[in-house]
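Read the structure below first, then the notes.
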Amino acid sequence: MIRFEGAGKRHPDGTIAVEGLDLDVPTGRITVLVGPSGCGKTTLLRMVNRMVEPTSGRVLLDGTDVAALEPAKLRRGIGYVIQQAGLFPHRKVIDNIATVPYLLGWDRKKARARAAELLELVGLAPETGKRYPFQLSGGQQQRVGVARALAADPPVLLMDEPFSAVDPVVRAGLQDELLRLQSELHKTVLFVTHDIEEAVRLGDQVVVLREQGRIAQLADPHTLLTTPADDGVAAFLGRDRGLRGLGLRPASTVAVRPVGDGLRYGGWELALDDERRPIGWIDRDAVTAELHPAAGYRPDTDTLRTALDSAVLSPAGVAVALDAAGRATGTASREAVLAALSTPGTGAAGETAPSGSGEAEPGPAAAAAAGDPTDGATGGR
Amino acid sequence: MDDEPIVRWYWIGDHLGYLGNLLADHAVIALLPVLIGLLLAVPLGLTCTRFPRLYQPLSAVFNIVYALPSLAVFVVLIPYTGLATQATVMIPLTFYALAVLLPTTVDGLRAVPDPVRQAATAMGYGPWHRLTSVELPAAVPYLIAGLRVAAVSSISLASVGALVGRGGLGYLFVDGFQRTFPTPIVAGIALIAVLALAVDLLLVGARRLLAPWAVREKGAGS
């Protein structure tokens, strides 16, 4: 556990970056510091690995004041990922990843073998290891950055806006990847972002900061979205926070009507192909057999927000429930989705990864790509 | 120079051994100072990057030295190092090389992107260790660019040394001028050009070898 005890930072010119913060960052969970620029979030993050020394208070790592530890040694035990990845341009990807193992004195072979494992863990092809960083896309570089931070298997991971320099689609993929990794690795993650969307998506606990590192609210994402502490936090959360809160609740609570023979809803009929995958909705009163897109969702991996979205988009007012292969397993009417809304939310953030359906799930990328059938970019391993 | 042709090939044919000796002497006089300059520029550059306050005064000194006419420096050195010795020519050339190489080393070390530096620190590199194993290798393309300038200008400057009795191929210019006999002059120019070109190609090759990651880096903005 990381504990901030009245940790403050006053610059030599007298300006105060952080007034003095008390915060516990629980072991094995993702804690997100979110706030506008200048709220001191990066300063706080860097206090943990002593890249910034607090001028008041202290930071404890598993009960030990970090000030008592030798900086280089401390840092080798803490993973660190930054915005621009910061890969070493002159080293091949594999050696970039092996940086900390090399520093720890592992022999070359062992370090590289470990790096190769991590390359696979973050979803990059083995050949990528032989490339130089400039030959990779921004998203790939960021994956290498994450792999490098994990190389020596540190219990703590500091992430400073790691995904904010990549485009939104890639960012969503990286976020999913992080959640998947976290579900396997259970690191103590301290994550800094200015993007509240990202904060509620990733955080087990979200710390909304104001200027000088004052905590405006500390809550789990669901509580944050449903009951912001004050108007300031509500404004920071932005519009549609109710709807966005649905993005944190599993779609599995929606009552699904199994697909029988009759796929007629009012004047609409759902057309399926031979594999029982939906092709589209047909207006039975129309002269032409024009197909209207059939929006679907995965009850096991998607969220209530996706289910509602599918129901809203459907001309028949019915969301199609799909299995992993994209086959229609049932349907949920708008009423059924709305009924699920009024059941108390579990607020299970970051738990969207399936735990039940064991075989070859395409990863949480499916959650991001819901409504966009062209997924498989991140999921198909 | 009434009927004297630009080149009398038989002269060249008769003096191949002599030309070869001058070429070798020229290469040593011109390039050894660049090598020594590099060996001094790297530690100096690292120190200047680690302690930035040193850089301004140090680079001012080298700029002033660079501004001094080479002939004047040669003459001043003669009482100490002797007439027609290699050292008389090589000492000033070393300073000229340093004047080029120190700024390029420092620029190269500073050109490492901030996130790279921060990442290195956060991975657990100490300041010196980081400079030598992250910033210095990343500065190799800069160093080689500096070496190319320093080497070529040193090859050209070394010929001035002929005026104090030790200038390698430069001697051919003095000789040809005094005898109104252009052949040695032409031969000297050609050999200097060949030497400069060969050294430059060698350095380009070294860059490919030592910094393969920098060859196509331009345009791949990262």
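Every chain in the structure tokens takes a letter, A first, then B, and so on in the order presented; its residues are numbered from 1, and the ligands are numbered from 1 following the presented order.
The shell of residues at most 9 Å from Ala119 in chain B, with only C-alpha atoms counted and near chain neighbours (fewer than 3 positions) removed, consists of Tyr80, Val81, Ile82, Ala85, Gly86, Leu87 and Phe88 of chain A; Asp114, Pro115, Val116, Ala122, Met123 and Gly124 of chain B.
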Please produce a file of those selected residues containing C-alpha atoms, as a compact mmCIF listing (two decimals), in the first residue's frame.
```txt
# COMPACT_ATOMS: atom_id res chain seq x y z
CA TYR A 80 6.71 3.76 -14.38
CA VAL A 81 4.83 4.56 -17.58
CA ILE A 82 4.68 8.05 -19.06
CA ALA A 85 6.33 6.17 -23.69
CA GLY A 86 9.87 7.53 -23.41
CA LEU A 87 11.44 4.49 -25.01
CA PHE A 88 15.18 4.56 -25.53
CA ASP B 114 12.61 14.72 -22.02
CA PRO B 115 10.33 11.68 -21.67
CA VAL B 116 13.32 9.44 -22.46
CA ALA B 122 12.33 6.43 -13.19
CA MET B 123 13.77 3.06 -14.21
CA GLY B 124 16.53 3.57 -11.69
```
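Set the cut-off at 8 Å, count only C-alpha atoms, and the residues of chain A near chain B turn out to be Asn49, Met51, Pro71, Ala72, Lys73, Leu74, Arg75, Arg76, Ile78, Gly79, Tyr80, Val81, Ile82, Gln83, Gln84, Ala85, Gly86, Leu87, Phe88, Pro89, His90, Thr99, Val100, Leu103, Tyr132, Phe134, Gln135 and Ala149 of chain A.
Reported to one decimal place, the separation of CA of Arg166 in chain B from CA of Thr88 in chain B is 8.2 Å.
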- Query: What lies within 9 Å of Phe181 in chain B using only C-alpha atoms, ignoring chain neighbours under 5 positions off, as a ChimeraX atom specification?
  - Reply: /B:1,4-7,175-176
- Please identify all polymer residues within 9 Å of Pro299 in chain A, counting only C-alpha atoms, omitting same-chain residues fewer than 4 positions from it, and present them as a list in words. Pro250, Ala251, Ser252, Thr253, Val254, Val256, Thr303, Leu304, Ala307, Ala321, Leu322 and Asp323 of chain A
Write to file, as a PDB file, in the first residue's frame, the residues of the selection just made, with C-alpha atoms.
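New file part02.pdb:
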```pdb
ATOM      1  CA  PRO A 250     -22.880  -5.208 -16.296  1.00  0.00           C
ATOM      2  CA  ALA A 251     -25.467  -5.911 -18.966  1.00  0.00           C
ATOM      3  CA  SER A 252     -26.052  -9.337 -17.473  1.00  0.00           C
ATOM      4  CA  THR A 253     -28.816  -7.939 -15.244  1.00  0.00           C
ATOM      5  CA  VAL A 254     -31.067  -7.337 -18.237  1.00  0.00           C
ATOM      6  CA  VAL A 256     -33.249 -11.585 -22.031  1.00  0.00           C
ATOM      7  CA  THR A 303     -22.380  -2.908 -19.943  1.00  0.00           C
ATOM      8  CA  LEU A 304     -25.886  -1.636 -19.367  1.00  0.00           C
ATOM      9  CA  ALA A 307     -27.491  -2.683 -23.922  1.00  0.00           C
ATOM     10  CA  ALA A 321     -28.221 -10.332 -27.176  1.00  0.00           C
ATOM     11  CA  LEU A 322     -25.237 -11.988 -28.808  1.00  0.00           C
ATOM     12  CA  ASP A 323     -22.861 -14.738 -27.820  1.00  0.00           C
TER      13      ASP A 323
END
```
- Message: If we count only C-alpha atoms and set the cut-off at 10 Å, which residues sit around Ser154 in chain B, ignoring sequence neighbours fewer than 5 positions away in its own chain? Please answer as a list in words.
- Response: His26, Ala27, Ile29, Ala30, Leu31, Leu32, Pro33, Val34, Met90, Pro92, Leu93, Thr94, Tyr96, Ala97, Arg148, Val149, Ser159 and Ala196 of chain B
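Nearest residue to Thr49 in chain B among B:Leu157, B:Ala187, B:Ala111, B:Ala162 is B:Ala111, counting only C-alpha atoms.
Within range 243-328 of chain A, DSSP applied to the backbone places the following residues in strand (DSSP E): Arg257, Pro258, Arg264, Tyr265, Trp268, Glu269, Leu270, Ala271, Leu272, Pro278, Ile279, Gly280, Trp281, Ile282, Asp283, Leu291, His292, Gly296, Tyr297, Val318, Ala319, Val320, Ala321, Leu322 and Ala328 of chain A.
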Can you write just those residues out, C-alpha atoms, as a PDB file, in the first residue's frame?
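Output (again-v3.pdb):
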```pdb
ATOM      1  CA  ARG A 257     -36.072 -13.294 -23.888  1.00  0.00           C
ATOM      2  CA  PRO A 258     -34.654 -16.390 -25.535  1.00  0.00           C
ATOM      3  CA  ARG A 264     -41.329 -10.580 -34.747  1.00  0.00           C
ATOM      4  CA  TYR A 265     -41.740  -7.444 -32.723  1.00  0.00           C
ATOM      5  CA  TRP A 268     -40.534  -5.670 -37.440  1.00  0.00           C
ATOM      6  CA  GLU A 269     -38.843  -8.993 -37.990  1.00  0.00           C
ATOM      7  CA  LEU A 270     -35.249  -9.864 -37.177  1.00  0.00           C
ATOM      8  CA  ALA A 271     -33.451 -11.580 -40.052  1.00  0.00           C
ATOM      9  CA  LEU A 272     -30.733 -14.110 -39.166  1.00  0.00           C
ATOM     10  CA  PRO A 278     -28.398 -11.092 -37.053  1.00  0.00           C
ATOM     11  CA  ILE A 279     -28.442  -9.525 -40.512  1.00  0.00           C
ATOM     12  CA  GLY A 280     -30.901  -6.750 -39.814  1.00  0.00           C
ATOM     13  CA  TRP A 281     -34.456  -5.745 -39.095  1.00  0.00           C
ATOM     14  CA  ILE A 282     -37.054  -5.965 -41.837  1.00  0.00           C
ATOM     15  CA  ASP A 283     -40.079  -3.695 -41.909  1.00  0.00           C
ATOM     16  CA  LEU A 291     -32.581  -4.202 -43.954  1.00  0.00           C
ATOM     17  CA  HIS A 292     -32.214  -1.897 -40.976  1.00  0.00           C
ATOM     18  CA  GLY A 296     -26.492  -6.047 -30.464  1.00  0.00           C
ATOM     19  CA  TYR A 297     -24.676  -6.443 -27.175  1.00  0.00           C
ATOM     20  CA  VAL A 318     -35.298  -4.392 -29.122  1.00  0.00           C
ATOM     21  CA  ALA A 319     -31.641  -5.037 -28.378  1.00  0.00           C
ATOM     22  CA  VAL A 320     -30.230  -8.304 -29.671  1.00  0.00           C
ATOM     23  CA  ALA A 321     -28.221 -10.332 -27.176  1.00  0.00           C
ATOM     24  CA  LEU A 322     -25.237 -11.988 -28.808  1.00  0.00           C
ATOM     25  CA  ALA A 328     -28.299 -14.072 -31.530  1.00  0.00           C
TER      26      ALA A 328
END
```
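Proximity ranking of B:Ile155, B:Phe74, B:Gly17, B:Pro184 relative to Ala87 in chain B places B:Phe74 first, based on only C-alpha atoms.
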- Item | Best match for closeness to Gly245 in chain A among A:Arg305, A:Val259, A:Arg276, A:Gly232, counting only C-alpha atoms | A:Arg305
- Contacts of range 234-239 of chain A within 10 Å, only C-alpha atoms, excl. fewer than 6 positions in-chain, as JSON, numbers by chain: {"A": [34, 35, 36, 195, 196, 197, 200, 208, 224, 225, 226, 227, 228]}
- Name the residues of range 101-146 of chain A that come out as alpha helix (DSSP H) in a backbone DSSP run; write them as a list in words. Pro101, Tyr102, Leu103, Arg108, Lys109, Lys110, Ala111, Arg112, Ala113, Arg114, Ala115, Ala116, Glu117, Leu118, Leu119, Glu120, Leu121, Gly138, Gly139, Gln140, Gln141, Gln142, Arg143, Val144, Gly145 and Val146 of chain A
Hey, can you spit out that residue selection with C-alpha atoms as a compact mmCIF listing (two decimals), in the first residue's frame?
```txt
# COMPACT_ATOMS: atom_id res chain seq x y z
CA PRO A 101 16.31 -6.50 -15.40
CA TYR A 102 19.64 -5.37 -16.88
CA LEU A 103 19.94 -2.73 -14.18
CA ARG A 108 21.36 -11.07 -20.77
CA LYS A 109 19.66 -14.31 -21.70
CA LYS A 110 17.33 -14.36 -18.73
CA ALA A 111 16.48 -10.68 -19.13
CA ARG A 112 15.64 -11.13 -22.80
CA ALA A 113 13.57 -14.22 -22.13
CA ARG A 114 11.58 -12.24 -19.58
CA ALA A 115 11.23 -9.36 -22.05
CA ALA A 116 9.90 -11.75 -24.69
CA GLU A 117 7.27 -12.98 -22.22
CA LEU A 118 6.16 -9.43 -21.57
CA LEU A 119 6.02 -8.62 -25.25
CA GLU A 120 3.48 -11.37 -25.57
CA LEU A 121 1.67 -10.32 -22.42
CA GLY A 138 2.20 5.31 -30.96
CA GLY A 139 -0.07 2.64 -29.54
CA GLN A 140 2.58 -0.05 -29.91
CA GLN A 141 5.17 2.18 -28.27
CA GLN A 142 2.85 2.67 -25.34
CA ARG A 143 2.42 -1.10 -25.03
CA VAL A 144 6.19 -1.47 -24.97
CA GLY A 145 6.24 1.23 -22.30
CA VAL A 146 3.85 -0.83 -20.18
```
- Task: Tell me which protein, DNA and RNA residues are within 12 Å of Gly203 in chain A, counting only C-alpha atoms, leaving out same-chain ones fewer than 4 positions away, and put them as a PyMOL selection string.
- Result: chain A and resi 25-26+28-34+175+178-179+182+188-193+195-199+207-208+218-224+248+347-351
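Here the question is which of A:Ile97, A:Leu313, A:Val166, A:Met159 gets nearest to Leu202 in chain A using only C-alpha atoms, and that residue is A:Met159.
Using only C-alpha atoms, the nearest neighbour of Leu246 in chain A within the list A:Asp95, A:Glu19, A:Asp309, A:Asp62 is A:Asp309.
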